[in-house]
Amino acid sequence: MLKIDQVALTLGERQWLLDIELDTHGVYALMGRSGSGKSTLLNLVAGFISPDTGNVSWSGQSLLPLEPAIRPVTTLFQSHNLFSHLSVLQNIALGITANLKLDNSTRSKISDVLSDVGLTGFDNKLPGQLSGGEQQRVALARCLLRRKPILLLDEPFSALDASTRQEMVDLLHTLIKDFSPCVVMVTHDRDDVAAMHAKELSMQDGRVTLV
Amino acid sequence: MAGSLNWRVKPESHVQGRSWLATQASAWWVSGVVAFGIIMILTLSPLIAMVVQAGSIDWTAVLSNTYIQRVVQFSLTQALFSTALSLLFAIPVALALAHRPRFTGRTLIVNLFSLSLVIPTIVAIYGIVAVFGRTGWFNTALTFITLPSVPLYGLTGILIAHVFFNMPLATRVMLVSLESIPATNWRLAKQLGMGPYAIFRFIEWPSIKSQLPGLAVLIFTLCFTSFAIVMTLGGGPRATTIEVAIYQALRFDFDISLTVALAAIQLSICIALMGLSTLFRQDNSLSFTAYSAQSQNDHTRHYQRLLSSFWTGSIWNVLHVLTILLATMFVLLPLLALIISSFNEKLLPVLADPMTIQALLNTTVVALISAVLSLTLAISLLISTRHLRIRLQLERTGQWLQLIGNVILVLPPLVLGTGLFLLLRPFADVFSLALVLVIIINSLMALPFVLRLLDAPIMQSANRYDRLMQALGIRGWSRWRWIDWPQLRRPIALSLALATTLSAGDLSAIALFGSERVRTLPLLLYQRMGSYRLDEAAVTAGILLVLCLVLFGSIQRVVGGAKDAEN
């Protein structure tokens with residue numbers, strides 16, 4: 001269970017008071033107006049910001065002492081998921097080896113996840129040579145490789161057109177069926193909630209509630 | 001999805017272990033504190049030495065001294081005129097270049113305009129003398145059409161040289177600003193049927209105007225603290241700036257209290273200028289794009305055609321071509337004159353002269369060490385301020401820490417040199433330490449440029465990727481090796497190259513500390529010009545110019561890597 005326990009947070013002039021429990025294998029979509037601070041919840045779980053008071057825990061263990069990289073969390077950002085100067089292979093490899101030492105077993109794991117997202121043979125391309133949808137799939141391949149039980153999606157479809165969006169939705173469904181992570185997706189599009197068969201969370205006035 | 005990866009794992013297993021990483025002390029502030037400390041020691045201790053000395057000065061006598069009054073007044077007036085003229089000439093040139101995106105040789109001309117930062121001041125001065133001097137091309141032409149010749153030395157020469165250096169700089173900054181006007185504005189202008197005057201008033205002038213305050217303060221500061229130009233082209237007490245007066249007081253009169261009094265005045269005016277410039281921080285006069293070579297124009301052909309359709313007709317053609325041609329000639333002719341005159345019968349003897357070779361070696365070594373030192377200080381500061389500004393969201397604090405790198409703008413080379421001289425005099429033979437002192441001063445001189453060139457690319461890269469790097473645990477050496485270095489090597493190479501050439505061409509620090517024993521090429525050139533051995537001076541200037549161009553080019557090639565590496 002992912003538990004946001006009485007978390008109080010002040011950033012600049014804005015305040016949040018968050019308290020919610022999410023199922024270990026649940027799929028949630030966090031809705032809210034733009035500017036309502038939806039991403040704050042993701043940033044708290046990922047560890048980019050720390051709460052003033054309260055706790056964030058996973059399966060009963062507090063995440064707060066952990067740095068982002070060793071939390072049981074992997075994030076698909078809205079943009080800039082890939083380093084533009086590194087190849088697809090290197091970008092994915094960074095998910096498991098921060099110093100980019102590539103042995104044969106790492107290479108074969110990367111080939112596997114690339115074929116999982118339908119991008120076999122794209123290893124040596126640069127992100128700039130890929131379409132927006134392909135770039136998101138590479139980023140998703142890295143999330144797969146990282147094998148973390150919590151998957152955070154920050155507006156994962158916002159930069160995609162209708163057909164690539166559908167591909168991405170299908171891919172996520174397969175992923176969720178196979179690995180059943182705890183998914184928290186931030187979105188401003190109500191269609192995404194239905195498409196992902198997600199339970200809806202709502203963020204308003206610095207509070208989050210299950211709809 | 002293939003079942004090849006069975007990674008349904010127990011959720012708990014990820015939380016355990018390795019939590020020592022979390023408690024590992026973060027060392028982001030160490031590099032910044034060390035750099036800050038070094039800069040403070042190098043600047044504060046000479047300053048204290050000066051303050052101690054200044055205690056014994058009779059300030060009412062200083063302020064009523066007519067020589068000092070005249071020097072201060074001249075410093076301010078010439079800087080004011082230089083700034084006004086540079087900006088005034090830059091506006092039509094930038095407009096003409098912006099109006100003509102397809103002008104033949106345009107890229108070459110724009111790149112020529114950025115050369116003025118690479119060409120050592122003293123070299124350009126030689127070229128200017130060759131064109132505008134008493135027997136130069138310009139006056140020869142005037143005499144030929146029976147007009148009286150124009151004397152170069154004095155205010156005229158100083159203004160010509162300052163415009164030579166700063167008009168191209170201002171032009172480039174304005175051009176970058178004009179070219180960043182969005183294409184939709186031009187389409188709108190076309191649709192509304194705006195003519196050239198309306199376009200200037202409503203589209204171009206606001207864009208230029210936004211750059212003027214920052215540019216004006218920058219150029220004013222550069223001209224106010226200008227040393228080599230005033231020393232060579234100024235004449236006597238009538239045309240002397242504070243910076244040159246400090247040099248004369250220390251090296252010729254050896255009047256310590258006059259030196260310190262002048263340095264104190266210079267210091268206080270520079271602090272005022274610095275305060276003024278912080279008011280105009282948002283300008284881009286020293287950003288990466290303003291100096292990086294323009295290999296091609298990004299604008300599409302369609303856009304170029306749209307742009308050129310506004311200024312049609314032969315009057316505009318003549319006006320544009322004439323403006324661009326005149327400005328180009330003004331920058332190109334001195335360089336051309338220098339190159340032509342350096343091929344004379346003294347070429348081989350000067351090249352083989354051990355004095356030349358020694359100076360060449362000194363210059364190269366001093367320039368490279370200063371540049372590396374400057375870059376190291378800048379990167380050390382930026383690593384800490386990056387953490388402050390991006391991870392801790394302390395934008396203000398980070399910027400304040402970065403400001404320490406601009407200390408040389410408050411403490412110009414001759415002032416800092418005076419302080420170092422006073423500080424070290426009791427302990428050592430200052431002149432035998434010449435090269436070390438020159439390295440210190442030159443590295444601090446280049447620091448503001450290096451900082452401003454690196455600031456935007458470093459912050460941009462960090463802004464874009466910081467969370468991703470945190471999420472993936474990329475840090476320390478891995479971060480440098482795989483992310484920072486590939487993304488930043490081009491701006492790093494550019495700033496290193498620029499710092500090297502700035503230092504290689506500098507005359508101020510070496511003029512103060514150089515002697516018969518220790519010379520660099522700029523000093524040798526100055527001495528040869530001063531003793532009217534003009535052929536030898538021409539060759540020396542040619543060597544220094546080639547050295548700077550070679551250093552600038554090869555550092556960018558070697559450090560910056562292939563051109564298409566990363567944009």
# chains A, B, ... in the order shown; residues from 1 in each chain; ligands from 1

$ closest_atom_pairs --of "chain A" --to "chain B" --cutoff "9 Å" --atoms "only C-alpha atoms" --output "tab-separated table"
residue	atom	partner	partner_atom	distance
A:Thr24	CA	B:Pro11	CA	8.2
A:Ala46	CA	B:Ala471	CA	7.4
A:Gly47	CA	B:Ala471	CA	8.4
A:Phe48	CA	B:Arg467	CA	7.0
A:Trp58	CA	B:Glu12	CA	7.6
A:Ser59	CA	B:Glu12	CA	6.3
A:Gly60	CA	B:Glu12	CA	8.7
A:Gln61	CA	B:Val15	CA	7.3
A:Ser62	CA	B:Val15	CA	8.6
A:Leu63	CA	B:Val15	CA	7.6
A:Pro65	CA	B:Ala22	CA	6.2
A:Leu66	CA	B:Ala22	CA	5.3
A:Glu67	CA	B:Ala22	CA	5.4
A:Pro68	CA	B:Ala471	CA	5.0
A:Ala69	CA	B:Gly473	CA	4.5
A:Ile70	CA	B:Gly473	CA	7.5
A:Arg71	CA	B:Val15	CA	6.5
A:Pro72	CA	B:His14	CA	5.4
A:Val73	CA	B:Ala471	CA	8.2
A:Thr74	CA	B:Ala471	CA	7.1
A:Thr75	CA	B:Ala471	CA	7.5
A:Phe77	CA	B:Leu468	CA	8.0
A:Ser79	CA	B:Arg464	CA	8.7
A:His80	CA	B:Arg464	CA	6.4
A:Asn81	CA	B:Leu468	CA	6.8
A:Leu82	CA	B:Leu468	CA	8.5
A:Phe83	CA	B:Tyr465	CA	7.6
A:Ser84	CA	B:Glu566	CA	8.3
A:His85	CA	B:Glu566	CA	6.4
A:Leu86	CA	B:Trp482	CA	8.1
A:Leu94	CA	B:Leu472	CA	6.8
A:Gly95	CA	B:Leu472	CA	5.9
A:Ile96	CA	B:Leu472	CA	7.8
A:Thr97	CA	B:Leu472	CA	8.6
A:Ala98	CA	B:Ile474	CA	5.2
A:Asn99	CA	B:Ser478	CA	5.0
A:Leu100	CA	B:Ser478	CA	8.0
A:Lys109	CA	B:Leu5	CA	8.1
A:Asp112	CA	B:Ser4	CA	7.0
A:Val113	CA	B:Leu5	CA	8.0
A:Ser115	CA	B:Ala2	CA	7.9
A:Asp116	CA	B:Met1	CA	5.0
A:Val117	CA	B:Met1	CA	7.4
A:Gly118	CA	B:Met1	CA	8.8
A:Leu144	CA	B:Trp7	CA	8.7
A:Leu145	CA	B:Leu5	CA	8.6
A:Arg147	CA	B:Trp7	CA	6.0
A:Lys148	CA	B:His14	CA	7.6
A:Pro149	CA	B:Pro11	CA	5.7
A:Ile150	CA	B:Pro11	CA	8.5
A:Leu171	CA	B:Met1	CA	7.9
A:Thr174	CA	B:Met1	CA	6.3
A:Leu175	CA	B:Met1	CA	7.2
A:Asp178	CA	B:Arg8	CA	7.9
A:Phe179	CA	B:Arg8	CA	5.3
A:Ser180	CA	B:Arg8	CA	7.5
A:Pro181	CA	B:Arg8	CA	8.4

$ residues_around --residues "Leu422 of chain B" --least-positions-apart "4" --cutoff "9 Å" --atoms "only C-alpha atoms" --output "list in words"
Pro46, Ala49, Met50, Gln53, Ile256, Gly417, Thr418 and Pro426 of chain B

$ write_last_selection --atoms "C-alpha atoms" --output "PDB file, in the first residue's frame"
ATOM      1  CA  PRO B  46      45.423  43.140  -2.129  1.00  0.00           C
ATOM      2  CA  ALA B  49      46.966  46.210   1.489  1.00  0.00           C
ATOM      3  CA  MET B  50      45.640  49.172  -0.471  1.00  0.00           C
ATOM      4  CA  GLN B  53      48.176  52.425   2.437  1.00  0.00           C
ATOM      5  CA  ILE B 256      52.552  55.115  -4.091  1.00  0.00           C
ATOM      6  CA  GLY B 417      47.696  44.838  -9.725  1.00  0.00           C
ATOM      7  CA  THR B 418      48.421  47.823  -7.497  1.00  0.00           C
ATOM      8  CA  PRO B 426      57.622  43.584   1.628  1.00  0.00           C
TER       9      PRO B 426
END

$ closest_residue --among "A:Lys125, A:Thr120, A:Gln204, A:Thr209" --to "Gly35 of chain A" --atoms "only C-alpha atoms"
A:Gln204

$ atom_distance --atom1 "atom CA of Ala8 of chain A" --atom2 "atom CA of Leu152 of chain A"
20.6 Å

$ atom_distance --atom1 "atom CA of Val558 of chain B" --atom2 "atom CA of Pro354 of chain B"
29.2 Å

$ residues_around --residues "segment 317-330 of chain B" --least-positions-apart "5" --cutoff "7 Å" --atoms "only C-alpha atoms" --output "list in words"
Val93, Ala96 and Ile109 of chain B

$ select_by_dssp --residues "segment 58-96 of chain A" --states "alpha helix (DSSP H)" --output "PyMOL selection string"
chain A and resi 88-93

$ write_last_selection --atoms "N, CA and C atoms" --output "PDB file, in the first residue's frame"
ATOM      1  N   VAL A  88      19.334   5.560 -27.962  1.00  0.00           N
ATOM      2  CA  VAL A  88      18.219   4.852 -27.330  1.00  0.00           C
ATOM      3  C   VAL A  88      18.754   3.816 -26.349  1.00  0.00           C
ATOM      4  N   LEU A  89      19.747   3.047 -26.804  1.00  0.00           N
ATOM      5  CA  LEU A  89      20.361   2.021 -25.960  1.00  0.00           C
ATOM      6  C   LEU A  89      20.897   2.619 -24.661  1.00  0.00           C
ATOM      7  N   GLN A  90      21.658   3.706 -24.795  1.00  0.00           N
ATOM      8  CA  GLN A  90      22.254   4.331 -23.604  1.00  0.00           C
ATOM      9  C   GLN A  90      21.186   4.906 -22.683  1.00  0.00           C
ATOM     10  N   ASN A  91      20.170   5.533 -23.295  1.00  0.00           N
ATOM     11  CA  ASN A  91      19.105   6.108 -22.486  1.00  0.00           C
ATOM     12  C   ASN A  91      18.404   5.050 -21.648  1.00  0.00           C
ATOM     13  N   ILE A  92      18.174   3.880 -22.250  1.00  0.00           N
ATOM     14  CA  ILE A  92      17.504   2.818 -21.502  1.00  0.00           C
ATOM     15  C   ILE A  92      18.453   2.244 -20.454  1.00  0.00           C
ATOM     16  N   ALA A  93      19.716   2.070 -20.852  1.00  0.00           N
ATOM     17  CA  ALA A  93      20.690   1.466 -19.940  1.00  0.00           C
ATOM     18  C   ALA A  93      20.847   2.290 -18.670  1.00  0.00           C
TER      19      ALA A  93
END

$ closest_residue --among "A:Arg146, A:Arg107, A:Arg137, A:Lys199" --to "Val169 of chain A" --atoms "only C-alpha atoms"
A:Arg137

$ atom_distance --atom1 "atom CA of Glu516 of chain B" --atom2 "atom CA of Asp429 of chain B"
14.2 Å

$ decode --residues "segment 67-94 of chain A" --atoms "N, CA and C atoms" --output "short mmCIF file (atom, residue, chain, number, x, y, z; two decimals), in the first residue's frame"
data_model
loop_
_atom_site.label_atom_id
_atom_site.label_comp_id
_atom_site.auth_asym_id
_atom_site.auth_seq_id
_atom_site.Cartn_x
_atom_site.Cartn_y
_atom_site.Cartn_z
N GLU A 67 16.75 8.51 -1.14
CA GLU A 67 16.92 9.39 -2.29
C GLU A 67 16.06 8.90 -3.45
N PRO A 68 15.71 9.78 -4.38
CA PRO A 68 14.81 9.39 -5.47
C PRO A 68 15.25 8.10 -6.19
N ALA A 69 16.55 7.96 -6.43
CA ALA A 69 16.99 6.85 -7.26
C ALA A 69 16.81 5.49 -6.61
N ILE A 70 16.76 5.45 -5.27
CA ILE A 70 16.61 4.13 -4.64
C ILE A 70 15.22 3.91 -4.08
N ARG A 71 14.30 4.81 -4.37
CA ARG A 71 12.91 4.58 -3.98
C ARG A 71 12.30 3.53 -4.92
N PRO A 72 11.27 2.83 -4.47
CA PRO A 72 10.65 1.81 -5.32
C PRO A 72 9.75 2.45 -6.38
N VAL A 73 10.27 3.46 -7.04
CA VAL A 73 9.44 4.32 -7.89
C VAL A 73 10.12 4.51 -9.23
N THR A 74 9.33 4.48 -10.30
CA THR A 74 9.88 4.93 -11.57
C THR A 74 8.88 5.89 -12.20
N THR A 75 9.38 6.91 -12.85
CA THR A 75 8.51 7.99 -13.33
C THR A 75 8.62 8.13 -14.84
N LEU A 76 7.48 8.31 -15.48
CA LEU A 76 7.46 8.71 -16.89
C LEU A 76 7.11 10.19 -16.91
N PHE A 77 8.08 11.03 -17.21
CA PHE A 77 7.84 12.46 -17.15
C PHE A 77 7.05 12.92 -18.37
N GLN A 78 6.52 14.12 -18.24
CA GLN A 78 5.73 14.70 -19.32
C GLN A 78 6.60 14.96 -20.55
N SER A 79 7.82 15.42 -20.32
CA SER A 79 8.74 15.68 -21.44
C SER A 79 10.16 15.51 -20.93
N HIS A 80 11.11 15.59 -21.85
CA HIS A 80 12.53 15.45 -21.50
C HIS A 80 12.79 14.16 -20.72
N ASN A 81 12.20 13.06 -21.17
CA ASN A 81 12.48 11.77 -20.56
C ASN A 81 13.81 11.20 -21.03
N LEU A 82 14.25 11.68 -22.21
CA LEU A 82 15.45 11.10 -22.82
C LEU A 82 16.52 12.18 -22.95
N PHE A 83 17.77 11.79 -22.72
CA PHE A 83 18.88 12.70 -22.96
C PHE A 83 19.11 12.77 -24.46
N SER A 84 19.05 13.98 -25.01
CA SER A 84 19.03 14.11 -26.46
C SER A 84 20.35 13.70 -27.10
N HIS A 85 21.45 13.69 -26.34
CA HIS A 85 22.75 13.38 -26.94
C HIS A 85 23.11 11.90 -26.79
N LEU A 86 22.28 11.12 -26.08
CA LEU A 86 22.59 9.71 -25.88
C LEU A 86 21.67 8.85 -26.76
N SER A 87 22.18 7.68 -27.18
CA SER A 87 21.40 6.80 -28.04
C SER A 87 20.26 6.17 -27.23
N VAL A 88 19.33 5.56 -27.96
CA VAL A 88 18.22 4.85 -27.33
C VAL A 88 18.75 3.82 -26.35
N LEU A 89 19.75 3.05 -26.80
CA LEU A 89 20.36 2.02 -25.96
C LEU A 89 20.90 2.62 -24.66
N GLN A 90 21.66 3.71 -24.79
CA GLN A 90 22.25 4.33 -23.60
C GLN A 90 21.19 4.91 -22.68
N ASN A 91 20.17 5.53 -23.29
CA ASN A 91 19.10 6.11 -22.49
C ASN A 91 18.40 5.05 -21.65
N ILE A 92 18.17 3.88 -22.25
CA ILE A 92 17.50 2.82 -21.50
C ILE A 92 18.45 2.24 -20.45
N ALA A 93 19.72 2.07 -20.85
CA ALA A 93 20.69 1.47 -19.94
C ALA A 93 20.85 2.29 -18.67
N LEU A 94 20.68 3.62 -18.80
CA LEU A 94 20.80 4.48 -17.62
C LEU A 94 19.81 4.10 -16.53
#
